[in-house]
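Containing mmCIF, C-alpha atoms and all ligand atoms: target-v8.cif.
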```cif
data_target
loop_
_atom_site.label_atom_id
_atom_site.label_comp_id
_atom_site.auth_asym_id
_atom_site.auth_seq_id
_atom_site.Cartn_x
_atom_site.Cartn_y
_atom_site.Cartn_z
CA MET A 1 0.00 0.00 0.00
CA ASP A 2 1.24 3.48 -0.76
CA ASN A 3 1.69 6.26 1.73
CA ASP A 4 -1.20 8.19 0.23
CA THR A 5 -3.71 5.68 1.48
CA ILE A 6 -2.25 5.88 4.98
CA ASP A 7 -2.33 9.67 4.78
CA GLN A 8 -5.96 9.62 3.70
CA ILE A 9 -6.93 7.43 6.63
CA ILE A 10 -5.13 9.73 9.03
CA ASP A 11 -6.48 12.91 7.47
CA ARG A 12 -10.04 11.72 7.85
CA HIS A 13 -9.56 11.71 11.62
CA GLU A 14 -7.48 14.84 11.98
CA GLY A 15 -7.73 16.45 15.41
CA ARG A 16 -9.72 13.58 16.90
CA ALA A 17 -7.61 12.07 19.63
CA GLY A 18 -10.42 9.69 20.53
CA SER A 19 -10.10 7.97 17.13
CA LEU A 20 -6.61 6.70 17.86
CA ILE A 21 -7.40 2.99 18.04
CA HIS A 22 -9.77 3.30 15.10
CA VAL A 23 -7.11 4.86 12.88
CA LEU A 24 -4.52 2.29 13.88
CA MET A 25 -6.95 -0.53 13.11
CA GLU A 26 -7.74 0.91 9.71
CA ILE A 27 -4.08 1.24 8.79
CA GLN A 28 -3.41 -2.25 10.09
CA SER A 29 -6.20 -3.80 8.07
CA LYS A 30 -5.32 -1.99 4.83
CA ASN A 31 -1.54 -2.22 5.14
CA HIS A 32 -1.10 -5.36 7.32
CA TRP A 33 1.40 -3.48 9.45
CA ILE A 34 2.02 0.02 10.78
CA PRO A 35 5.35 1.66 9.94
CA ARG A 36 6.92 3.95 12.54
CA GLU A 37 6.53 6.96 10.23
CA ALA A 38 2.79 6.29 10.13
CA LEU A 39 2.69 6.22 13.94
CA ALA A 40 4.51 9.54 14.02
CA LYS A 41 2.01 11.02 11.58
CA VAL A 42 -0.92 9.66 13.57
CA SER A 43 0.53 11.27 16.68
CA GLN A 44 0.93 14.61 14.97
CA LYS A 45 -2.39 14.77 13.14
CA LEU A 46 -4.58 13.44 15.95
CA GLY A 47 -2.79 15.43 18.59
CA VAL A 48 -1.84 12.42 20.70
CA PRO A 49 1.66 12.28 22.21
CA PHE A 50 3.90 9.81 20.39
CA THR A 51 4.62 7.86 23.59
CA ARG A 52 0.88 7.35 24.02
CA VAL A 53 0.55 6.14 20.43
CA MET A 54 3.44 3.72 21.01
CA GLN A 55 1.89 2.49 24.23
CA ILE A 56 -1.38 1.65 22.50
CA ALA A 57 0.23 0.27 19.34
CA THR A 58 2.47 -2.10 21.31
CA PHE A 59 -0.23 -3.06 23.83
CA TYR A 60 -2.59 -4.79 21.43
CA LYS A 61 -1.53 -7.84 19.50
CA THR A 62 -3.75 -6.70 16.64
CA PHE A 63 -1.19 -4.13 15.63
CA SER A 64 1.99 -5.19 13.92
CA LEU A 65 4.94 -2.82 13.87
CA THR A 66 6.93 -5.06 11.53
CA PRO A 67 6.02 -5.93 7.93
CA GLN A 68 3.52 -8.76 7.56
CA GLY A 69 2.84 -11.16 4.73
CA HIS A 70 0.07 -10.64 2.24
CA HIS A 71 -2.07 -13.34 3.84
CA GLU A 72 -2.49 -13.61 7.58
CA VAL A 73 -3.03 -17.10 8.90
CA HIS A 74 -4.20 -17.57 12.48
CA VAL A 75 -4.33 -20.96 14.07
CA CYS A 76 -6.48 -21.26 17.15
CA THR A 77 -4.66 -22.91 20.03
CA GLY A 78 -7.31 -22.13 22.60
CA THR A 79 -8.46 -24.82 25.00
CA SER A 80 -11.30 -26.26 22.91
CA CYS A 81 -9.31 -26.30 19.69
CA HIS A 82 -6.29 -27.70 21.49
CA ILE A 83 -8.31 -30.63 22.77
CA ARG A 84 -9.55 -31.26 19.26
CA GLY A 85 -6.05 -31.42 17.84
CA SER A 86 -5.06 -27.89 16.84
CA GLN A 87 -1.40 -28.72 17.52
CA ARG A 88 -1.33 -31.12 14.56
CA VAL A 89 -2.94 -28.48 12.36
CA LEU A 90 -0.38 -25.95 13.50
CA ASP A 91 2.52 -28.34 12.91
CA LYS A 92 1.29 -29.04 9.41
CA ILE A 93 0.88 -25.37 8.52
CA GLN A 94 4.28 -24.53 9.95
CA SER A 95 5.94 -27.15 7.80
CA LEU A 96 3.95 -26.17 4.70
CA LEU A 97 4.83 -22.50 5.01
CA GLY A 98 8.30 -23.09 6.36
CA ILE A 99 7.81 -20.59 9.18
CA ARG A 100 6.88 -20.73 12.81
CA ALA A 101 4.06 -18.88 14.53
CA GLY A 102 4.95 -15.22 14.83
CA GLU A 103 6.96 -15.19 11.61
CA THR A 104 6.52 -14.04 8.03
CA ASP A 105 7.88 -15.96 5.06
CA SER A 106 10.72 -14.57 2.98
CA ASN A 107 8.59 -13.48 0.02
CA SER A 108 6.07 -11.78 2.31
CA LYS A 109 3.28 -14.03 1.22
CA PHE A 110 2.15 -15.50 4.54
CA SER A 111 2.33 -14.50 8.17
CA LEU A 112 1.49 -17.08 10.77
CA ALA A 113 0.13 -16.43 14.24
CA LYS A 114 -1.43 -18.40 17.05
CA GLY A 115 -4.54 -17.23 18.84
CA ASN A 116 -6.03 -18.31 22.12
CA CYS A 117 -9.67 -18.88 21.24
CA LEU A 118 -10.64 -17.19 18.02
CA GLY A 119 -14.28 -17.27 18.92
CA CYS A 120 -15.98 -20.35 17.44
CA CYS A 121 -15.17 -23.13 19.89
CA THR A 122 -18.03 -25.30 18.65
CA LEU A 123 -16.47 -25.38 15.21
CA GLY A 124 -12.92 -26.10 16.32
CA PRO A 125 -10.20 -26.68 15.53
CA GLU A 126 -10.39 -23.56 13.50
CA ILE A 127 -8.03 -21.44 11.48
CA VAL A 128 -8.63 -17.94 10.20
CA VAL A 129 -7.11 -16.72 6.96
CA ASP A 130 -7.45 -13.03 6.18
CA GLY A 131 -10.43 -12.81 8.49
CA ARG A 132 -12.21 -15.85 7.00
CA HIS A 133 -12.92 -18.68 9.39
CA TYR A 134 -12.35 -22.32 8.44
CA ALA A 135 -13.90 -24.86 10.79
CA ARG A 136 -13.22 -28.48 11.78
CA MET A 137 -9.68 -28.42 10.53
CA THR A 138 -7.46 -31.42 10.08
CA PRO A 139 -3.90 -31.22 8.78
CA GLU A 140 -5.16 -32.36 5.36
CA LYS A 141 -8.01 -29.87 5.23
CA ALA A 142 -5.71 -27.07 6.31
CA GLU A 143 -3.44 -27.86 3.38
CA GLU A 144 -6.41 -27.57 0.99
CA VAL A 145 -7.34 -24.22 2.50
CA LEU A 146 -3.85 -22.80 2.12
CA LYS A 147 -3.70 -23.89 -1.51
CA LYS A 148 -6.51 -21.43 -2.23
CA TYR A 149 -4.24 -18.60 -1.24
CA ASN A 150 -1.23 -19.67 -3.20
CA MET B 151 -15.86 23.37 50.73
CA SER B 152 -17.59 21.20 53.23
CA GLU B 153 -15.65 19.67 56.04
CA ILE B 154 -15.67 15.94 56.50
CA LEU B 155 -15.04 14.20 59.76
CA LEU B 156 -13.53 10.74 59.71
CA GLN B 157 -11.56 8.47 61.95
CA ILE B 158 -8.10 7.20 61.15
CA ASP B 159 -6.43 4.74 63.52
CA GLY B 160 -8.79 5.81 66.26
CA LYS B 161 -8.02 9.48 65.80
CA ALA B 162 -10.66 12.01 64.70
CA VAL B 163 -9.46 13.72 61.53
CA LYS B 164 -10.97 16.69 59.73
CA ALA B 165 -10.67 16.63 55.96
CA LYS B 166 -12.05 18.51 53.00
CA GLN B 167 -14.23 17.11 50.28
CA GLY B 168 -12.13 15.74 47.43
CA MET B 169 -9.21 14.72 49.60
CA THR B 170 -8.07 11.12 49.55
CA VAL B 171 -7.61 8.95 52.61
CA LEU B 172 -3.87 9.38 52.12
CA ASP B 173 -4.15 13.18 52.08
CA ALA B 174 -6.23 13.12 55.24
CA ALA B 175 -3.84 10.75 57.00
CA ARG B 176 -0.83 12.85 56.11
CA SER B 177 -2.52 16.02 57.34
CA ALA B 178 -2.89 14.26 60.70
CA ASP B 179 0.69 12.96 60.70
CA ILE B 180 -0.35 9.37 60.20
CA ALA B 181 2.06 7.59 57.92
CA ILE B 182 0.90 5.39 55.07
CA PRO B 183 3.65 3.95 52.90
CA THR B 184 3.49 4.80 49.19
CA LEU B 185 5.57 4.03 46.16
CA CYS B 186 3.83 5.23 43.03
CA HIS B 187 2.25 8.29 44.63
CA HIS B 188 3.59 11.79 43.97
CA GLU B 189 2.13 15.01 45.38
CA GLN B 190 2.21 16.83 42.08
CA LEU B 191 0.84 14.04 39.94
CA GLU B 192 -2.61 12.63 39.31
CA PRO B 193 -3.46 9.65 41.52
CA TYR B 194 -2.37 6.42 39.88
CA GLY B 195 -2.98 3.48 42.18
CA GLY B 196 -0.35 1.25 40.65
CA CYS B 197 1.60 -0.26 43.54
CA ARG B 198 -1.06 -0.90 46.19
CA LEU B 199 1.45 -0.35 49.01
CA CYS B 200 -0.89 2.26 50.43
CA THR B 201 -3.59 -0.35 51.01
CA VAL B 202 -5.68 0.46 54.09
CA GLU B 203 -8.79 -0.99 55.64
CA ILE B 204 -11.93 1.09 55.62
CA GLU B 205 -15.16 0.52 57.45
CA THR B 206 -18.51 1.98 56.51
CA ARG B 207 -21.81 0.95 58.05
CA GLY B 208 -20.14 -2.01 59.71
CA ARG B 209 -18.61 -3.37 56.51
CA LYS B 210 -14.87 -3.62 56.13
CA ARG B 211 -12.87 -3.65 52.96
CA LEU B 212 -9.44 -2.89 51.58
CA VAL B 213 -8.82 0.09 49.34
CA ALA B 214 -5.87 2.04 47.95
CA GLY B 215 -5.43 4.99 50.28
CA CYS B 216 -3.98 7.20 47.54
CA LEU B 217 -7.18 6.88 45.49
CA TYR B 218 -10.03 6.52 47.94
CA PRO B 219 -11.88 9.78 48.61
CA VAL B 220 -12.75 10.69 52.17
CA GLU B 221 -16.35 10.43 53.21
CA PRO B 222 -18.18 11.36 56.43
CA ASP B 223 -17.87 8.88 59.31
CA LEU B 224 -15.42 6.70 57.48
CA ILE B 225 -13.31 4.54 59.77
CA VAL B 226 -9.82 3.89 58.46
CA ARG B 227 -7.21 1.51 59.81
CA THR B 228 -3.76 1.91 58.38
CA ARG B 229 -2.02 -0.92 60.22
CA THR B 230 -3.57 -4.24 60.96
CA GLU B 231 -2.14 -7.70 60.77
CA LYS B 232 -3.83 -8.22 57.43
CA ILE B 233 -2.58 -4.95 55.95
CA ASP B 234 0.94 -5.65 57.11
CA SER B 235 0.92 -9.04 55.49
CA ILE B 236 -0.37 -7.57 52.23
CA ARG B 237 2.33 -4.91 52.24
CA LYS B 238 4.94 -7.53 53.05
CA MET B 239 3.84 -9.61 50.09
CA ILE B 240 3.82 -6.62 47.71
CA LEU B 241 7.31 -5.68 48.86
CA GLU B 242 8.60 -9.20 48.39
CA LEU B 243 7.23 -9.28 44.87
CA LEU B 244 8.69 -5.88 44.04
CA LEU B 245 12.05 -6.87 45.51
CA ALA B 246 12.21 -9.82 43.14
CA HIS B 247 12.35 -7.20 40.39
CA ALA B 248 14.41 -4.50 42.04
CA PRO B 249 16.40 -6.15 44.85
CA ASP B 250 18.73 -3.19 45.31
CA SER B 251 16.23 -0.37 45.55
CA PRO B 252 16.99 1.55 48.77
CA GLN B 253 13.40 2.70 49.13
CA LEU B 254 12.13 -0.88 48.93
CA GLN B 255 14.78 -2.11 51.31
CA ASP B 256 13.78 0.45 53.92
CA LEU B 257 10.16 -0.59 53.67
CA ALA B 258 11.17 -4.25 53.71
CA ARG B 259 12.85 -3.73 57.05
CA GLU B 260 9.74 -2.15 58.49
CA TYR B 261 7.40 -4.85 57.22
CA ARG B 262 9.84 -7.70 57.68
CA ALA B 263 9.72 -8.58 54.03
CA ASP B 264 12.18 -11.18 52.85
CA ARG B 265 14.14 -9.87 49.90
CA ASP B 266 14.89 -13.38 48.71
CA ARG B 267 11.47 -14.92 49.10
CA PHE B 268 10.80 -15.03 45.36
CA GLU B 269 13.18 -15.99 42.64
CA LYS B 270 14.90 -12.91 41.25
CA GLU B 271 13.55 -11.59 38.01
CA ALA B 272 15.66 -8.51 37.98
CA SER B 273 13.92 -6.25 35.50
CA PHE B 274 14.91 -3.38 37.84
CA CYS B 275 11.94 -1.27 36.82
CA VAL B 276 8.87 -1.84 39.00
CA LEU B 277 6.55 -0.07 36.55
CA CYS B 278 5.47 2.58 39.03
CA GLY B 279 5.08 4.99 36.13
CA LEU B 280 6.51 7.94 38.08
CA CYS B 281 8.99 8.86 35.37
CA ILE B 282 6.39 8.58 32.64
CA ARG B 283 3.72 10.52 34.45
CA TYR B 284 6.13 13.24 35.55
CA CYS B 285 7.39 13.70 32.02
CA ALA B 286 3.85 13.85 30.66
CA GLU B 287 1.97 15.72 33.38
CA ILE B 288 4.54 18.20 34.64
CA LYS B 289 7.02 18.65 31.82
CA LYS B 290 4.55 17.86 29.03
CA LYS B 291 7.37 16.37 26.96
CA TYR B 292 6.26 12.75 26.69
CA ALA B 293 9.83 11.57 26.18
CA VAL B 294 9.33 8.29 28.00
CA GLY B 295 6.39 5.89 27.94
CA PHE B 296 5.32 2.31 28.49
CA ILE B 297 5.43 -0.24 25.71
CA ASN B 298 4.12 -3.81 25.43
CA ASN B 299 1.78 -5.39 27.94
CA GLY B 300 1.55 -7.83 30.80
CA ALA B 301 4.81 -9.44 31.82
CA ARG B 302 6.59 -7.82 28.87
CA ARG B 303 5.71 -4.26 29.83
CA GLU B 304 8.67 -1.87 30.06
CA ILE B 305 9.57 1.79 29.85
CA ASN B 306 10.83 3.19 26.60
CA PHE B 307 12.49 6.49 25.78
CA ILE B 308 11.58 7.90 22.37
CA PRO B 309 15.02 8.73 20.98
CA GLU B 310 13.78 11.56 18.75
CA ILE B 311 12.23 13.35 21.73
CA ALA B 312 14.85 12.33 24.27
CA ALA B 313 17.62 13.72 22.07
CA GLY B 314 16.13 17.19 22.27
CA GLU B 315 14.66 17.28 25.75
CA CYS B 316 16.25 14.93 28.26
CA TRP B 317 19.81 16.16 28.30
CA ASN B 318 18.87 19.38 30.04
CA CYS B 319 16.13 18.00 32.25
CA LYS B 320 16.64 14.57 33.80
CA GLU B 321 14.23 15.59 36.55
CA CYS B 322 12.70 12.14 36.48
CA PHE B 323 15.93 10.43 37.59
CA PRO B 324 15.57 11.12 41.32
CA LEU B 325 11.92 10.04 41.26
CA CYS B 326 12.73 6.47 40.28
CA PRO B 327 12.66 4.08 43.24
CA THR B 328 15.18 1.89 41.41
CA SER B 329 18.22 2.69 39.34
CA TYR B 330 16.61 1.49 36.17
CA LEU B 331 15.44 4.79 34.74
CA GLN B 332 18.89 6.27 34.55
CA ALA B 333 20.25 3.12 32.95
CA ALA B 334 17.49 3.08 30.35
CA TYR B 335 18.16 6.69 29.49
CA HIS B 336 21.88 6.17 29.11
CA LEU B 337 21.23 3.20 26.89
CA THR B 338 18.92 5.20 24.63
CA GLU B 339 21.41 8.00 24.61
CA ALA B 340 24.29 5.74 23.66
CA LEU B 341 22.36 4.01 20.89
CA ALA B 342 20.54 6.96 19.43
CA PHE B 343 22.95 9.83 19.67
CA PRO B 344 26.51 8.59 20.09
CA SER B 345 27.90 12.11 19.92
CA LEU B 346 25.99 13.12 23.03
CA SER B 347 26.99 10.07 24.98
CA SER B 348 30.63 10.58 24.14
CA ARG B 349 30.10 14.07 25.52
CA SER B 350 28.72 12.62 28.72
CA ALA B 351 31.55 10.10 28.79
CA SER B 352 34.13 12.83 28.52
CA LYS B 353 32.28 14.78 31.19
CA ARG B 354 32.43 11.77 33.47
CA LEU B 355 36.08 11.46 32.70
CA VAL B 356 36.64 15.07 33.68
CA THR B 357 34.82 14.62 36.98
CA THR B 358 36.80 11.54 37.85
CA THR B 359 40.12 13.14 37.03
CA THR B 360 39.38 16.22 39.08
CA LEU B 361 38.51 14.08 42.06
S1 LIG A 401 11.96 3.44 35.49
FE1 LIG A 401 11.76 3.86 37.69
S2 LIG A 401 10.34 5.61 37.82
FE2 LIG A 401 10.13 4.74 35.76
S3 LIG A 401 8.43 3.28 35.92
FE3 LIG A 401 10.32 2.10 36.25
S4 LIG A 401 10.60 2.09 38.49
FE4 LIG A 401 9.10 3.73 38.03
S1 LIG A 402 -10.66 -22.48 21.46
FE1 LIG A 402 -10.51 -22.25 19.32
S2 LIG A 402 -12.22 -21.01 18.91
FE2 LIG A 402 -12.33 -21.16 21.08
S1 LIG A 403 0.76 4.70 46.45
FE1 LIG A 403 -1.31 4.10 46.33
S2 LIG A 403 -1.21 2.53 44.87
FE2 LIG A 403 0.84 3.23 44.87
#
```
Any chance you could put this one into structure tokens?
Amino acid sequence: MDNDTIDQIIDRHEGRAGSLIHVLMEIQSKNHWIPREALAKVSQKLGVPFTRVMQIATFYKTFSLTPQGHHEVHVCTGTSCHIRGSQRVLDKIQSLLGIRAGETDSNSKFSLAKGNCLGCCTLGPEIVVDGRHYARMTPEKAEEVLKKYN
Amino acid sequence: MSEILLQIDGKAVKAKQGMTVLDAARSADIAIPTLCHHEQLEPYGGCRLCTVEIETRGRKRLVAGCLYPVEPDLIVRTRTEKIDSIRKMILELLLAHAPDSPQLQDLAREYRADRDRFEKEASFCVLCGLCIRYCAEIKKKYAVGFINNGARREINFIPEIAAGECWNCKECFPLCPTSYLQAAYHLTEALAFPSLSSRSASKRLVTTTTL
């Protein structure tokens, strides 16, 4: 994403300190990560001290301050999904993508993260790719899902 | 302003509306230990060392003295067996992080806290937020802030701001109950503006040679 898009997001909330989290979430979802320069601009335009922006941006796991892959894969490792075998799903995905949870592959295609309960325990084990939920995962099914994003 | 009458450790104390239990106790020369409290700063309630017992209409509970506003007929106890054991525990936990803090050691002596009760996890900073709040509320410079959350929380100097502001201020240094703040600043300084830190190094050199 180009800087213009980030600028537009920030400009729309100019002077509104209360929109801080909102702006950060918008940048995160459009750009997949938030560069430091963008944080500085957010601070300046919204009138929120930079330390405060940093505090919020580093507090929530939602925000990434390092570049992320084009597709974000989350594997639920919450209690319900764990009991239903999410570890095997995670192992499979890690070996398919060649990265561990918390990492991004070298051509910035996939980022992998773990989550503790992604919200649909009854459908576990689940994985979420770019916000789309996939239920009742097995290592084989997870492989099929990832193929769609290749 | 209406006057409020309350009782602290059996003593009748007059206070004004809007005062905290801590304010009222101090005005009557009753000591309540504090760590994260600072006269000039907004109440924070981070350390819980100021925990006291209050009683209203026959019900007792524990509150943070530095936050709790006075109310008529409130009964406050600042030292009971229970309070002492809570303070002892808090101190022991804090000492696992900052074993060499003189302020904590003094309190540990008073409350018989064992410095070695918990395994050391020397992060040095006890996250009292004094430095951060002072920089923000009094100096309005926002040069230092918290980052991350939970067990990974730490203070962080913003090099771009620190480079311009901290060198001539450093008023937060003496506020820190541990030695961590100074260390964190010198680290930022050394990494972010080597020219400045060589200046401070040469200054240190000068002071040592003149001694
Ligand atoms: S560096 Fe010192 S003053 Fe700042 S939060 Fe940590 S313990 Fe408190
Ligand atoms: S544990 Fe996986 S969705 Fe709740
Ligand atoms: S002094 Fe009251 S909580 Fe720290």
task: Identify every residue of chain B that has at least one atom within 8 Å of any atom of chain A, counting only C-alpha atoms, and report the result as a ChimeraX atom specification.
output: /B:292-299,308
- prompt: Within 7 Å of ligand LIG 402 (chain A), counting only C-alpha atoms and all ligand atoms: which residues, as a PyMOL selection string?
  reply: chain A and resi 76-82+116-121+124-126
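From CA of His71 in chain A back to CA of His13 in chain A, the distance works out to 27.3 Å.
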Give the residue list for ligand LIG 403 (chain A) at 8 Å, counting only C-alpha atoms and all ligand atoms, as an mmCIF file with C-alpha atoms, keeping the file's coordinate frame, sorted by chain and then by residue number.
```cif
data_model
loop_
_atom_site.group_PDB
_atom_site.id
_atom_site.type_symbol
_atom_site.label_atom_id
_atom_site.label_comp_id
_atom_site.auth_asym_id
_atom_site.auth_seq_id
_atom_site.Cartn_x
_atom_site.Cartn_y
_atom_site.Cartn_z
ATOM 1 C CA PRO B 183 3.650 3.950 52.900
ATOM 2 C CA THR B 184 3.490 4.800 49.190
ATOM 3 C CA LEU B 185 5.570 4.030 46.160
ATOM 4 C CA CYS B 186 3.830 5.230 43.030
ATOM 5 C CA HIS B 187 2.250 8.290 44.630
ATOM 6 C CA PRO B 193 -3.460 9.650 41.520
ATOM 7 C CA TYR B 194 -2.370 6.420 39.880
ATOM 8 C CA GLY B 195 -2.980 3.480 42.180
ATOM 9 C CA GLY B 196 -0.350 1.250 40.650
ATOM 10 C CA CYS B 197 1.600 -0.260 43.540
ATOM 11 C CA ARG B 198 -1.060 -0.900 46.190
ATOM 12 C CA LEU B 199 1.450 -0.350 49.010
ATOM 13 C CA CYS B 200 -0.890 2.260 50.430
ATOM 14 C CA THR B 201 -3.590 -0.350 51.010
ATOM 15 C CA ALA B 214 -5.870 2.040 47.950
ATOM 16 C CA GLY B 215 -5.430 4.990 50.280
ATOM 17 C CA CYS B 216 -3.980 7.200 47.540
ATOM 18 C CA LEU B 217 -7.180 6.880 45.490
ATOM 19 C CA CYS B 278 5.470 2.580 39.030
#
```
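For the pair CA of Pro324 in chain B and CA of Pro309 in chain B, the interatomic distance is 20.5 Å.
Near range 103-114 of chain A, within 9 Å and counting all atoms listed in the file, sit Pro67, Gln68, Gly69, His70, His71, Glu72, Val73, His74, Val75, Cys76, Thr77, Gly78, Leu90, Ile93, Gln94, Leu97, Gly98, Ile99, Arg100 and Asn150 of chain A; same-chain residues fewer than 3 positions away were not included.
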message: Could you list, as a VMD selection string, all protein and nucleic acid residues with an atom at most 8 Å from ligand LIG 401 (chain A), counting all atoms listed in the file?
response: chain B and resid 186 274 to 282 304 to 305 322 to 323 325 to 332 334
field: Residues within 12 Å of (21.6, -2.4, 45.6), file coords, only C-alpha atoms, listed as a PyMOL selection string
entry: chain B and resi 245+247-256+265+272+274+327-330
message: Set the distance at 6 Å and use all atoms listed in the file: which residues neighbour Ala165 in chain B once local chain neighbours fewer than 5 positions away are removed? I'd like the list as a ChimeraX atom specification.
response: /B:153-154,174
task: For the point (5.6, -8.0, 51.1) in the file's frame, write as a ChimeraX atom specification all residues with an atom no more than 12 Å away, counting all atoms listed in the file.
output: /B:197-199,201,232-246,254-255,257-268
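Between CA of Tyr335 in chain B and CA of Trp317 in chain B the separation is 9.7 Å.
Summary of the local environment: counting all atoms listed in the file, residues at most 7 Å from range 30-38 of chain A, other than itself and those fewer than 6 positions away along its chain, are A:Met1, A:Phe63, A:Ser64, A:Leu65, A:Thr66, A:Pro67, A:Gln68.
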Create the file for the chosen residues now, containing C-alpha atoms and written as a PDB file, keeping the file's coordinate frame.
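File produced: selection-v3.pdb:
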```pdb
ATOM      1  CA  MET A   1       0.000   0.000   0.000  1.00  0.00           C
ATOM      2  CA  PHE A  63      -1.190  -4.130  15.630  1.00  0.00           C
ATOM      3  CA  SER A  64       1.990  -5.190  13.920  1.00  0.00           C
ATOM      4  CA  LEU A  65       4.940  -2.820  13.870  1.00  0.00           C
ATOM      5  CA  THR A  66       6.930  -5.060  11.530  1.00  0.00           C
ATOM      6  CA  PRO A  67       6.020  -5.930   7.930  1.00  0.00           C
ATOM      7  CA  GLN A  68       3.520  -8.760   7.560  1.00  0.00           C
TER       8      GLN A  68
END
```
If we count all atoms listed in the file and set the cut-off at 12 Å, which residues sit around Val171 in chain B, ignoring sequence neighbours fewer than 3 positions away in its own chain? Please answer as a tab-separated table (two decimals) with C-alpha atoms, keeping the file's coordinate frame.
```tsv
chain	number	residue	atom	x	y	z
B	154	ILE	CA	-15.67	15.94	56.50
B	155	LEU	CA	-15.04	14.20	59.76
B	156	LEU	CA	-13.53	10.74	59.71
B	157	GLN	CA	-11.56	8.47	61.95
B	158	ILE	CA	-8.10	7.20	61.15
B	159	ASP	CA	-6.43	4.74	63.52
B	163	VAL	CA	-9.46	13.72	61.53
B	164	LYS	CA	-10.97	16.69	59.73
B	165	ALA	CA	-10.67	16.63	55.96
B	166	LYS	CA	-12.05	18.51	53.00
B	167	GLN	CA	-14.23	17.11	50.28
B	168	GLY	CA	-12.13	15.74	47.43
B	174	ALA	CA	-6.23	13.12	55.24
B	175	ALA	CA	-3.84	10.75	57.00
B	176	ARG	CA	-0.83	12.85	56.11
B	177	SER	CA	-2.52	16.02	57.34
B	178	ALA	CA	-2.89	14.26	60.70
B	180	ILE	CA	-0.35	9.37	60.20
B	181	ALA	CA	2.06	7.59	57.92
B	182	ILE	CA	0.90	5.39	55.07
B	193	PRO	CA	-3.46	9.65	41.52
B	200	CYS	CA	-0.89	2.26	50.43
B	201	THR	CA	-3.59	-0.35	51.01
B	202	VAL	CA	-5.68	0.46	54.09
B	203	GLU	CA	-8.79	-0.99	55.64
B	204	ILE	CA	-11.93	1.09	55.62
B	213	VAL	CA	-8.82	0.09	49.34
B	214	ALA	CA	-5.87	2.04	47.95
B	215	GLY	CA	-5.43	4.99	50.28
B	216	CYS	CA	-3.98	7.20	47.54
B	217	LEU	CA	-7.18	6.88	45.49
B	218	TYR	CA	-10.03	6.52	47.94
B	219	PRO	CA	-11.88	9.78	48.61
B	220	VAL	CA	-12.75	10.69	52.17
B	221	GLU	CA	-16.35	10.43	53.21
B	222	PRO	CA	-18.18	11.36	56.43
B	224	LEU	CA	-15.42	6.70	57.48
B	225	ILE	CA	-13.31	4.54	59.77
B	226	VAL	CA	-9.82	3.89	58.46
B	227	ARG	CA	-7.21	1.51	59.81
B	228	THR	CA	-3.76	1.91	58.38
```
